[in-house]
file entry-v6.txt (compact mmCIF, C-alpha atoms and all ligand atoms)
# COMPACT_ATOMS: atom_id res chain seq x y z
CA MET A 112 187.82 36.66 84.49
CA LYS A 113 185.55 37.77 81.62
CA VAL A 114 184.86 41.49 81.12
CA PRO A 115 181.19 42.27 81.92
CA LEU A 116 178.83 42.78 78.99
CA HIS A 117 176.55 45.80 79.21
CA ILE A 118 172.97 44.86 78.34
CA ALA A 119 170.11 47.33 77.87
CA VAL A 120 166.49 46.28 78.28
CA THR A 121 163.71 48.76 77.47
CA GLY A 122 160.20 48.43 78.80
CA ALA A 123 161.93 46.82 81.76
CA ALA A 124 158.87 46.97 84.03
CA GLY A 125 156.58 45.38 81.42
CA GLN A 126 155.36 41.80 81.27
CA ILE A 127 157.83 40.44 78.69
CA SER A 128 160.76 41.93 80.61
CA TYR A 129 159.45 40.37 83.80
CA SER A 130 159.91 36.96 82.17
CA LEU A 131 163.19 37.93 80.48
CA LEU A 132 165.27 39.65 83.14
CA PHE A 133 165.50 36.75 85.58
CA ARG A 134 166.66 34.34 82.89
CA LEU A 135 169.15 36.91 81.65
CA ALA A 136 170.43 37.11 85.22
CA ALA A 137 170.74 33.30 85.17
CA GLY A 138 172.99 33.43 82.09
CA HIS A 139 170.62 32.26 79.36
CA SER A 140 171.77 34.42 76.45
CA PHE A 141 175.47 34.91 77.12
CA GLY A 142 176.50 32.02 79.34
CA LYS A 143 176.53 31.27 83.04
CA ASP A 144 180.10 32.49 83.40
CA GLN A 145 179.59 35.80 81.59
CA PRO A 146 179.20 38.76 83.98
CA ILE A 147 176.63 41.36 82.93
CA VAL A 148 175.66 44.91 83.83
CA LEU A 149 171.96 45.61 83.28
CA HIS A 150 170.82 48.99 81.93
CA LEU A 151 167.06 49.19 82.44
CA LEU A 152 164.97 51.83 80.65
CA GLU A 153 161.39 52.76 81.46
CA VAL A 154 159.05 55.74 81.12
CA PRO A 155 158.90 58.02 84.19
CA SER A 156 155.47 56.75 85.32
CA ALA A 157 156.78 53.16 85.47
CA MET A 158 159.88 53.91 87.55
CA PRO A 159 158.27 52.83 90.87
CA ALA A 160 157.31 49.47 89.34
CA LEU A 161 160.83 49.14 87.93
CA GLU A 162 162.26 49.71 91.40
CA GLY A 163 160.28 46.66 92.55
CA VAL A 164 161.65 44.57 89.67
CA VAL A 165 165.19 45.62 90.57
CA MET A 166 164.59 44.68 94.23
CA GLU A 167 163.58 41.22 93.04
CA LEU A 168 166.59 40.96 90.73
CA ASN A 169 168.85 41.86 93.67
CA ASP A 170 167.05 39.26 95.77
CA CYS A 171 168.16 36.58 93.30
CA ALA A 172 171.77 37.18 94.39
CA SER A 173 172.81 36.32 90.82
CA PRO A 174 176.50 35.45 90.56
CA ILE A 175 176.75 37.17 87.15
CA VAL A 176 174.86 40.47 87.58
CA ARG A 177 177.55 43.01 88.51
CA SER A 178 175.31 46.08 88.75
CA ILE A 179 171.98 47.47 87.61
CA ILE A 180 171.33 50.93 86.18
CA MET A 181 167.74 52.24 86.19
CA THR A 182 166.81 55.25 84.11
CA ASP A 183 164.12 56.97 82.03
CA ASP A 184 166.72 58.52 79.70
CA PRO A 185 167.76 56.47 76.63
CA PHE A 186 171.06 58.39 76.42
CA VAL A 187 171.91 57.06 79.89
CA ALA A 188 170.48 53.58 79.27
CA PHE A 189 172.43 53.00 76.05
CA LYS A 190 175.81 54.40 77.17
CA ASN A 191 178.54 51.91 76.13
CA ILE A 192 176.13 48.99 75.80
CA ASP A 193 177.05 45.79 73.93
CA HIS A 194 173.51 44.42 73.51
CA ALA A 195 170.03 45.94 73.56
CA PHE A 196 166.64 44.29 73.92
CA LEU A 197 164.21 46.96 72.71
CA ILE A 198 160.97 45.65 74.19
CA GLY A 199 159.21 48.77 75.47
CA ALA A 200 156.50 50.09 73.17
CA ARG A 201 153.00 51.43 73.35
CA PRO A 202 150.46 48.60 73.09
CA ARG A 203 147.52 48.87 70.73
CA THR A 204 144.51 50.06 72.68
CA LEU A 205 140.85 49.55 71.88
CA GLY A 206 139.84 51.42 68.73
CA MET A 207 143.43 52.38 67.86
CA ALA A 208 144.15 52.03 64.16
CA ARG A 209 147.34 50.26 63.06
CA LYS A 210 148.62 53.48 61.53
CA ASP A 211 148.22 55.32 64.87
CA LEU A 212 150.11 52.53 66.64
CA LEU A 213 152.82 52.85 64.01
CA LYS A 214 153.01 56.59 64.61
CA VAL A 215 153.39 56.55 68.43
CA ASN A 216 155.90 53.74 68.33
CA ALA A 217 157.79 55.27 65.43
CA GLU A 218 158.57 58.27 67.61
CA ILE A 219 159.86 56.06 70.44
CA PHE A 220 162.16 54.14 68.09
CA SER A 221 163.49 57.20 66.31
CA THR A 222 164.53 58.70 69.68
CA GLN A 223 166.09 55.42 70.74
CA GLY A 224 167.91 55.07 67.40
CA LYS A 225 169.45 58.52 67.91
CA ALA A 226 170.52 57.61 71.45
CA LEU A 227 172.10 54.34 70.26
CA ASN A 228 173.88 56.24 67.53
CA ALA A 229 175.30 58.72 70.03
CA VAL A 230 176.38 56.56 72.95
CA ALA A 231 176.28 52.79 72.32
CA ASN A 232 179.31 50.60 71.69
CA ARG A 233 179.94 50.54 67.90
CA ASN A 234 179.47 46.74 67.87
CA VAL A 235 176.16 46.87 69.71
CA LYS A 236 173.62 44.19 68.78
CA VAL A 237 170.12 45.66 68.89
CA LEU A 238 167.15 43.28 68.91
CA VAL A 239 163.73 44.90 68.47
CA THR A 240 160.72 43.12 69.99
CA GLY A 241 158.29 46.04 70.53
CA ASN A 242 155.62 46.03 67.84
CA PRO A 243 155.45 46.62 64.93
CA ALA A 244 158.88 45.04 65.44
CA ASN A 245 160.23 44.99 61.86
CA THR A 246 159.34 48.59 61.11
CA ASN A 247 160.43 49.81 64.55
CA ALA A 248 163.82 48.19 63.92
CA LEU A 249 164.00 49.94 60.55
CA ILE A 250 163.25 53.31 62.18
CA ALA A 251 165.90 52.77 64.88
CA LEU A 252 168.45 51.77 62.25
CA LYS A 253 167.69 54.79 60.04
CA ASN A 254 168.16 57.08 63.03
CA ALA A 255 171.56 55.57 63.80
CA PRO A 256 173.57 56.42 60.66
CA ASP A 257 176.93 55.94 62.38
CA LEU A 258 176.13 52.34 63.25
CA SER A 259 176.10 49.56 60.66
CA PRO A 260 172.64 48.29 59.63
CA ALA A 261 174.02 44.87 60.60
CA ASN A 262 173.78 46.01 64.24
CA PHE A 263 169.97 45.77 64.05
CA SER A 264 167.61 42.82 63.95
CA SER A 265 163.88 42.40 64.56
CA MET A 266 162.39 39.46 66.41
CA SER A 267 161.08 36.55 64.34
CA ARG A 268 162.13 33.91 66.80
CA LEU A 269 158.76 33.60 68.49
CA ASP A 270 157.15 32.79 65.13
CA HIS A 271 160.04 30.43 64.32
CA ASN A 272 159.65 28.60 67.65
CA ARG A 273 155.87 28.44 67.26
CA ALA A 274 156.34 26.88 63.81
CA ILE A 275 158.79 24.28 65.14
CA SER A 276 156.44 23.40 67.97
CA GLN A 277 153.45 22.92 65.62
CA LEU A 278 155.41 20.69 63.22
CA ALA A 279 156.92 18.64 66.06
CA GLU A 280 153.48 18.06 67.54
CA LYS A 281 152.03 17.05 64.16
CA CYS A 282 154.84 14.56 63.51
CA GLY A 283 155.00 13.28 67.09
CA VAL A 284 158.71 14.12 67.47
CA LEU A 285 160.84 16.30 69.73
CA THR A 286 161.34 19.95 68.79
CA THR A 287 165.06 19.17 68.53
CA ASP A 288 164.26 16.70 65.71
CA ILE A 289 163.18 19.64 63.49
CA LYS A 290 165.81 21.53 61.50
CA ASN A 291 165.78 24.35 58.96
CA MET A 292 162.45 25.93 59.80
CA THR A 293 161.91 29.26 58.04
CA VAL A 294 159.72 32.29 58.68
CA TRP A 295 159.65 34.90 55.92
CA GLY A 296 158.59 38.54 56.20
CA ASN A 297 156.77 40.55 58.81
CA HIS A 298 156.01 39.67 62.44
CA SER A 299 152.29 39.97 61.75
CA GLY A 300 149.38 38.00 60.33
CA THR A 301 150.98 38.10 56.86
CA GLN A 302 154.17 36.28 57.91
CA TYR A 303 154.94 33.12 55.95
CA PRO A 304 156.04 30.15 58.05
CA ASP A 305 157.55 27.81 55.48
CA ILE A 306 158.36 24.10 55.85
CA HIS A 307 159.66 23.52 52.29
CA TYR A 308 163.25 23.15 53.57
CA ALA A 309 162.45 21.83 57.05
CA THR A 310 163.49 18.33 58.00
CA VAL A 311 162.11 16.00 60.66
CA ARG A 312 164.78 13.56 61.85
CA GLY A 313 166.48 14.14 58.51
CA GLN A 314 163.41 13.53 56.34
CA ASP A 315 161.73 16.28 54.28
CA ALA A 316 158.89 17.69 56.36
CA LEU A 317 156.60 17.92 53.32
CA SER A 318 156.90 14.20 52.73
CA LEU A 319 155.47 13.58 56.21
CA VAL A 320 152.50 15.97 56.25
CA ASP A 321 149.90 16.65 53.59
CA ASP A 322 149.68 19.91 51.70
CA ASN A 323 146.24 20.61 53.07
CA TRP A 324 147.57 20.57 56.66
CA PHE A 325 150.49 22.81 55.67
CA VAL A 326 148.31 25.40 53.90
CA ASN A 327 145.08 25.36 55.89
CA ASN A 328 146.24 24.44 59.37
CA PHE A 329 149.94 25.04 59.98
CA ILE A 330 150.28 28.44 58.29
CA PRO A 331 147.21 30.09 59.87
CA THR A 332 147.90 28.54 63.29
CA VAL A 333 151.38 30.07 63.39
CA GLN A 334 150.19 33.38 61.91
CA GLU A 335 147.36 33.72 64.42
CA ARG A 336 149.05 32.24 67.47
CA GLY A 337 149.48 35.61 69.18
CA GLU A 338 145.73 36.28 68.95
CA ALA A 339 144.94 32.80 70.24
CA VAL A 340 147.13 33.40 73.32
CA ILE A 341 145.44 36.76 73.97
CA LYS A 342 142.02 35.11 73.73
CA ALA A 343 143.00 32.38 76.18
CA ARG A 344 145.07 34.39 78.64
CA GLY A 345 143.55 37.85 78.35
CA GLN A 346 147.09 39.18 77.81
CA SER A 347 149.58 38.92 75.00
CA SER A 348 152.39 36.33 74.92
CA ALA A 349 155.00 37.20 77.49
CA GLY A 350 156.84 34.05 78.64
CA SER A 351 157.23 32.73 75.11
CA ALA A 352 158.13 36.19 73.78
CA ALA A 353 160.82 36.62 76.43
CA ASN A 354 162.12 33.14 75.66
CA ALA A 355 162.27 33.98 71.96
CA ALA A 356 164.14 37.25 72.58
CA LEU A 357 166.69 35.40 74.72
CA ASP A 358 167.02 32.66 72.07
CA GLN A 359 167.49 35.15 69.24
CA MET A 360 170.12 37.14 71.14
CA ARG A 361 171.89 33.94 72.15
CA ALA A 362 172.09 32.79 68.52
CA TRP A 363 173.39 36.24 67.54
CA ALA A 364 176.00 36.32 70.30
CA LEU A 365 177.12 32.68 70.30
CA GLY A 366 176.27 31.49 66.75
CA THR A 367 173.96 28.93 65.11
CA PRO A 368 174.74 25.17 64.93
CA ASP A 369 176.43 23.83 61.78
CA ASN A 370 173.45 21.81 60.57
CA ASP A 371 170.69 24.34 61.19
CA TRP A 372 169.55 27.93 60.73
CA VAL A 373 167.16 30.32 62.47
CA SER A 374 164.80 33.08 61.31
CA MET A 375 165.65 36.71 62.04
CA GLY A 376 164.42 40.05 60.77
CA VAL A 377 167.36 41.72 59.04
CA LEU A 378 167.78 44.52 56.51
CA SER A 379 167.10 43.03 53.09
CA ASP A 380 170.08 43.13 50.71
CA GLY A 381 167.83 42.07 47.82
CA SER A 382 168.18 38.34 48.53
CA TYR A 383 165.26 36.30 47.15
CA ASP A 384 164.19 39.41 45.25
CA ILE A 385 162.86 41.06 48.43
CA GLU A 386 163.10 44.83 48.11
CA LYS A 387 166.39 46.14 49.48
CA GLY A 388 166.09 48.20 52.64
CA LEU A 389 163.09 46.44 54.20
CA MET A 390 163.45 44.76 57.60
CA TYR A 391 162.36 41.28 56.53
CA SER A 392 162.59 37.91 58.24
CA PHE A 393 164.93 35.51 56.44
CA PRO A 394 166.53 32.17 57.27
CA VAL A 395 169.98 33.08 58.59
CA THR A 396 173.12 31.58 60.06
CA VAL A 397 175.40 33.38 62.51
CA GLU A 398 179.14 32.99 62.93
CA ASP A 399 181.35 35.24 65.08
CA GLY A 400 178.41 37.59 65.62
CA GLU A 401 177.83 38.07 61.87
CA ILE A 402 174.43 37.28 60.42
CA GLN A 403 174.33 35.77 56.91
CA ILE A 404 171.12 35.22 54.95
CA VAL A 405 170.95 31.59 53.78
CA GLN A 406 171.31 31.65 50.00
CA GLY A 407 170.23 29.40 47.14
CA LEU A 408 166.86 28.09 48.38
CA ASN A 409 164.36 27.25 45.63
CA ILE A 410 161.23 29.36 45.85
CA ASN A 411 158.12 27.90 44.18
CA GLU A 412 155.06 29.86 42.99
CA PHE A 413 153.14 29.29 46.21
CA SER A 414 156.00 30.55 48.37
CA ARG A 415 156.71 33.50 46.07
CA HIS A 416 153.13 34.70 46.43
CA ARG A 417 153.22 34.42 50.24
CA MET A 418 156.59 36.17 50.42
CA ARG A 419 155.25 39.04 48.28
CA VAL A 420 152.13 39.54 50.42
CA THR A 421 154.18 40.05 53.57
CA GLU A 422 156.74 42.16 51.67
CA ASP A 423 153.92 44.43 50.44
CA GLU A 424 152.73 44.93 54.00
CA LEU A 425 156.25 45.90 55.10
CA LYS A 426 156.48 48.38 52.21
CA GLN A 427 153.25 50.01 53.37
CA GLU A 428 154.49 50.22 56.97
CA ARG A 429 157.78 51.72 55.80
CA ASP A 430 156.00 54.29 53.63
CA ALA A 431 153.84 55.36 56.59
CA VAL A 432 156.90 56.27 58.70
CA LYS A 433 159.32 57.40 55.98
CA HIS A 434 159.31 60.98 57.29
CA LEU A 435 161.20 59.74 60.36
CA PHE A 436 164.15 58.34 58.35
P1 LIG B 1 153.79 45.82 78.48
O1 LIG B 1 152.80 46.87 78.16
O2 LIG B 1 153.57 44.87 79.59
O3 LIG B 1 155.20 46.51 78.74
C1 LIG B 1 155.72 47.51 77.91
C2 LIG B 1 156.57 48.40 78.80
O4 LIG B 1 157.22 49.33 77.94
C3 LIG B 1 155.73 49.21 79.81
O5 LIG B 1 156.25 48.99 81.11
C4 LIG B 1 155.92 50.65 79.34
O6 LIG B 1 155.98 51.57 80.42
C5 LIG B 1 157.28 50.55 78.62
N1 LIG B 1 157.51 51.62 77.66
C6 LIG B 1 156.63 52.26 76.86
N2 LIG B 1 157.25 53.22 76.17
C7 LIG B 1 158.56 53.18 76.51
C8 LIG B 1 159.70 53.93 76.14
N3 LIG B 1 159.59 54.96 75.28
N4 LIG B 1 160.89 53.63 76.72
C9 LIG B 1 160.98 52.64 77.61
N5 LIG B 1 159.93 51.89 78.02
C10 LIG B 1 158.73 52.16 77.47
O7 LIG B 1 154.03 45.06 77.10
P2 LIG B 1 154.73 43.65 76.84
O8 LIG B 1 153.72 42.59 76.91
O9 LIG B 1 155.96 43.55 77.67
O10 LIG B 1 155.10 43.80 75.29
C11 LIG B 1 156.08 44.71 74.83
C12 LIG B 1 156.06 44.81 73.32
O11 LIG B 1 156.36 43.55 72.73
C13 LIG B 1 154.71 45.21 72.74
O12 LIG B 1 154.94 46.16 71.71
C14 LIG B 1 154.18 43.93 72.15
O13 LIG B 1 153.27 44.16 71.10
C15 LIG B 1 155.47 43.32 71.65
N6 LIG B 1 155.46 41.87 71.34
C16 LIG B 1 156.25 41.48 70.32
C17 LIG B 1 156.36 40.15 69.97
C18 LIG B 1 157.25 39.74 68.85
O14 LIG B 1 157.30 38.53 68.53
N7 LIG B 1 157.98 40.65 68.20
C19 LIG B 1 155.56 39.11 70.66
C20 LIG B 1 155.06 39.52 71.99
C21 LIG B 1 154.63 40.96 72.10
O15 LIG B 1 153.32 41.07 71.62

call {"tool": "encode", "arguments": {"input": "entry-v6.txt", "output": "structure tokens"}}
result
Amino acid sequence: MKVPLHIAVTGAAGQISYSLLFRLAAGHSFGKDQPIVLHLLEVPSAMPALEGVVMELNDCASPIVRSIIMTDDPFVAFKNIDHAFLIGARPRTLGMARKDLLKVNAEIFSTQGKALNAVANRNVKVLVTGNPANTNALIALKNAPDLSPANFSSMSRLDHNRAISQLAEKCGVLTTDIKNMTVWGNHSGTQYPDIHYATVRGQDALSLVDDNWFVNNFIPTVQERGEAVIKARGQSSAGSAANAALDQMRAWALGTPDNDWVSMGVLSDGSYDIEKGLMYSFPVTVEDGEIQIVQGLNINEFSRHRMRVTEDELKQERDAVKHLF
């Protein structure tokens, strides 16, 4: 019998969590035979809604959910946890400047970083989805000095999956025919989805599509996909975001396949000349829970410029919240 894993989910009554929790309870990220204990965190005003979500989770009679803890206190939510999905954040409201959004969320993630530092399992894997995800992850990490920076990652998987889907559609192949997709940088409009190393059924992607499609169609479509979903649905991506969070945590927990990599936001170690200490999306592989940045890729002038633009944005975000480190 496997020992239960303790999994925290913040923003547990929100729309992404509503898509995520039921699949977690069905074993998506850790396996169908891996028991789990759910630690659900919300703000006090959302506790009644969370009670409803928990009723529904109980009504699934999941064979793997051993118990569910509900709380509005991060020090309770993060006690002895093995994995954390940090999803809860304040959304941007009409007229709110990006710097104000950064400020309110920065405070949430500095408190949560301190709580993780104090009470989480020392091997905890913390995946930050709440926006601005990269910088929120950096704030949490900086407020958890007793944990390794390798315990923190920000979500790039939605962008990565969007990029795979666009390329598969263009080439008329299955998504599983695409390997080595890469998303560099920030989870924002400056991100750089890059197909220079991608293959389609073993062939170089760039030999199958023209440069004009890559530059003027593929890149902006992936960068602006979140906006396009909001326009169509009237709400931001939730099902695909939950799916991406589950995929990213699964890759982190169970590893990446031998012939492929994924994109994750991790603390830059200076690879590819990206400033050390930024939470930047890189192509990575995972083995035994350890994330390694893929090394040795050739970066041409075009890519270098795109990688710098998104790096510069991350520097600005970091500088705006530095006082919280
Ligand atoms: P919702 O507004 O539906 O849910 C957020 C939930 O978080 C709410 O229930 C709220 O009460 C809770 N919350 C707020 N502050 C909290 C705190 N301090 N502790 C615990 N819970 C707290 O938003 P949803 O659509 O679920 O999106 C959540 C976050 O994901 C947003 O920041 C959103 O921008 C971000 N996204 C990130 C994506 C990514 O790829 N990284 C893509 C999708 C999404 O836009």

call {"tool": "residues_around", "arguments": {"input": "entry-v6.txt", "residues": "Ile198 of chain A", "least_positions_apart": "6", "cutoff": "8 Å", "atoms": "all atoms listed in the file", "output": "list of chain:residue names"}}
result
A:Val120, A:Thr121, A:Gly122, A:Ala123, A:Ile127, A:Ser128, A:Val239, A:Thr240, A:Gly241

call {"tool": "atom_distance", "arguments": {"input": "entry-v6.txt", "atom1": "atom CA of Ala226 of chain A", "atom2": "atom CA of Pro185 of chain A"}}
result
6.0 Å

call {"tool": "residues_near_ligand", "arguments": {"input": "entry-v6.txt", "ligand": "ligand LIG 1 (chain B)", "cutoff": "7 Å", "atoms": "all atoms listed in the file", "output": "count of residues only"}}
result
34

call {"tool": "atom_distance", "arguments": {"input": "entry-v6.txt", "atom1": "atom CA of Leu168 of chain A", "atom2": "atom CA of Pro146 of chain A"}}
result
14.5 Å

call {"tool": "closest_residue", "arguments": {"input": "entry-v6.txt", "among": "A:Glu167, A:Asp288, A:Glu162, A:Asp305", "to": "Phe133 of chain A", "atoms": "only C-alpha atoms"}}
result
A:Glu167

call {"tool": "closest_residue", "arguments": {"input": "entry-v6.txt", "among": "A:Thr396, A:Asp211, A:Val230, A:Ala251", "to": "Thr293 of chain A", "atoms": "only C-alpha atoms"}}
result
A:Thr396

call {"tool": "residues_around", "arguments": {"input": "entry-v6.txt", "residues": "Pro368 of chain A", "least_positions_apart": "2", "cutoff": "12 Å", "atoms": "all atoms listed in the file", "output": "count of residues only"}}
result
16

call {"tool": "closest_residue", "arguments": {"input": "entry-v6.txt", "among": "A:Leu249, A:Val294, A:Leu278, A:Lys342", "to": "Val311 of chain A", "atoms": "only C-alpha atoms"}}
result
A:Leu278

call {"tool": "closest_residue", "arguments": {"input": "entry-v6.txt", "among": "A:His307, A:Met181, A:Asp423, A:Arg415", "to": "Pro155 of chain A", "atoms": "all atoms listed in the file"}}
result
A:Met181

call {"tool": "closest_residue", "arguments": {"input": "entry-v6.txt", "among": "A:Ser276, A:Thr367, A:Asn247, A:Asn297", "to": "Thr222 of chain A", "atoms": "all atoms listed in the file"}}
result
A:Asn247

call {"tool": "decode", "arguments": {"input": "entry-v6.txt", "residues": "segment 421-433 of chain A", "atoms": "N, CA, C and O atoms", "output": "mmCIF file, in the first residue's frame"}}
result
data_model
loop_
_atom_site.group_PDB
_atom_site.id
_atom_site.type_symbol
_atom_site.label_atom_id
_atom_site.label_comp_id
_atom_site.auth_asym_id
_atom_site.auth_seq_id
_atom_site.Cartn_x
_atom_site.Cartn_y
_atom_site.Cartn_z
ATOM 1 N N THR A 421 11.481 39.026 -23.605
ATOM 2 C CA THR A 421 10.714 38.451 -22.497
ATOM 3 C C THR A 421 11.536 38.449 -21.206
ATOM 4 O O THR A 421 11.005 38.650 -20.110
ATOM 5 N N GLU A 422 12.862 38.327 -21.339
ATOM 6 C CA GLU A 422 13.741 38.445 -20.163
ATOM 7 C C GLU A 422 13.651 39.861 -19.575
ATOM 8 O O GLU A 422 13.559 40.028 -18.358
ATOM 9 N N ASP A 423 13.645 40.867 -20.457
ATOM 10 C CA ASP A 423 13.571 42.258 -19.975
ATOM 11 C C ASP A 423 12.277 42.493 -19.203
ATOM 12 O O ASP A 423 12.265 43.182 -18.180
ATOM 13 N N GLU A 424 11.181 41.903 -19.696
ATOM 14 C CA GLU A 424 9.912 42.076 -18.983
ATOM 15 C C GLU A 424 9.988 41.429 -17.590
ATOM 16 O O GLU A 424 9.512 41.992 -16.595
ATOM 17 N N LEU A 425 10.601 40.266 -17.517
ATOM 18 C CA LEU A 425 10.730 39.601 -16.213
ATOM 19 C C LEU A 425 11.624 40.390 -15.261
ATOM 20 O O LEU A 425 11.380 40.409 -14.051
ATOM 21 N N LYS A 426 12.642 41.059 -15.812
ATOM 22 C CA LYS A 426 13.500 41.903 -14.956
ATOM 23 C C LYS A 426 12.686 43.047 -14.366
ATOM 24 O O LYS A 426 12.817 43.384 -13.196
ATOM 25 N N GLN A 427 11.841 43.641 -15.223
ATOM 26 C CA GLN A 427 11.009 44.753 -14.738
ATOM 27 C C GLN A 427 10.044 44.289 -13.656
ATOM 28 O O GLN A 427 9.856 44.956 -12.641
ATOM 29 N N GLU A 428 9.428 43.131 -13.868
ATOM 30 C CA GLU A 428 8.499 42.598 -12.857
ATOM 31 C C GLU A 428 9.243 42.344 -11.546
ATOM 32 O O GLU A 428 8.763 42.672 -10.471
ATOM 33 N N ARG A 429 10.415 41.729 -11.670
ATOM 34 C CA ARG A 429 11.205 41.447 -10.459
ATOM 35 C C ARG A 429 11.560 42.746 -9.726
ATOM 36 O O ARG A 429 11.416 42.834 -8.505
ATOM 37 N N ASP A 430 11.978 43.763 -10.481
ATOM 38 C CA ASP A 430 12.378 45.011 -9.835
ATOM 39 C C ASP A 430 11.200 45.671 -9.111
ATOM 40 O O ASP A 430 11.373 46.312 -8.089
ATOM 41 N N ALA A 431 9.980 45.460 -9.637
ATOM 42 C CA ALA A 431 8.803 46.082 -9.021
ATOM 43 C C ALA A 431 8.435 45.436 -7.683
ATOM 44 O O ALA A 431 7.715 46.036 -6.893
ATOM 45 N N VAL A 432 8.907 44.219 -7.430
ATOM 46 C CA VAL A 432 8.509 43.533 -6.187
ATOM 47 C C VAL A 432 9.724 43.180 -5.313
ATOM 48 O O VAL A 432 9.575 42.456 -4.316
ATOM 49 N N LYS A 433 10.877 43.750 -5.657
ATOM 50 C CA LYS A 433 12.133 43.397 -4.981
ATOM 51 C C LYS A 433 12.070 43.598 -3.461
ATOM 52 O O LYS A 433 12.699 42.871 -2.700
#
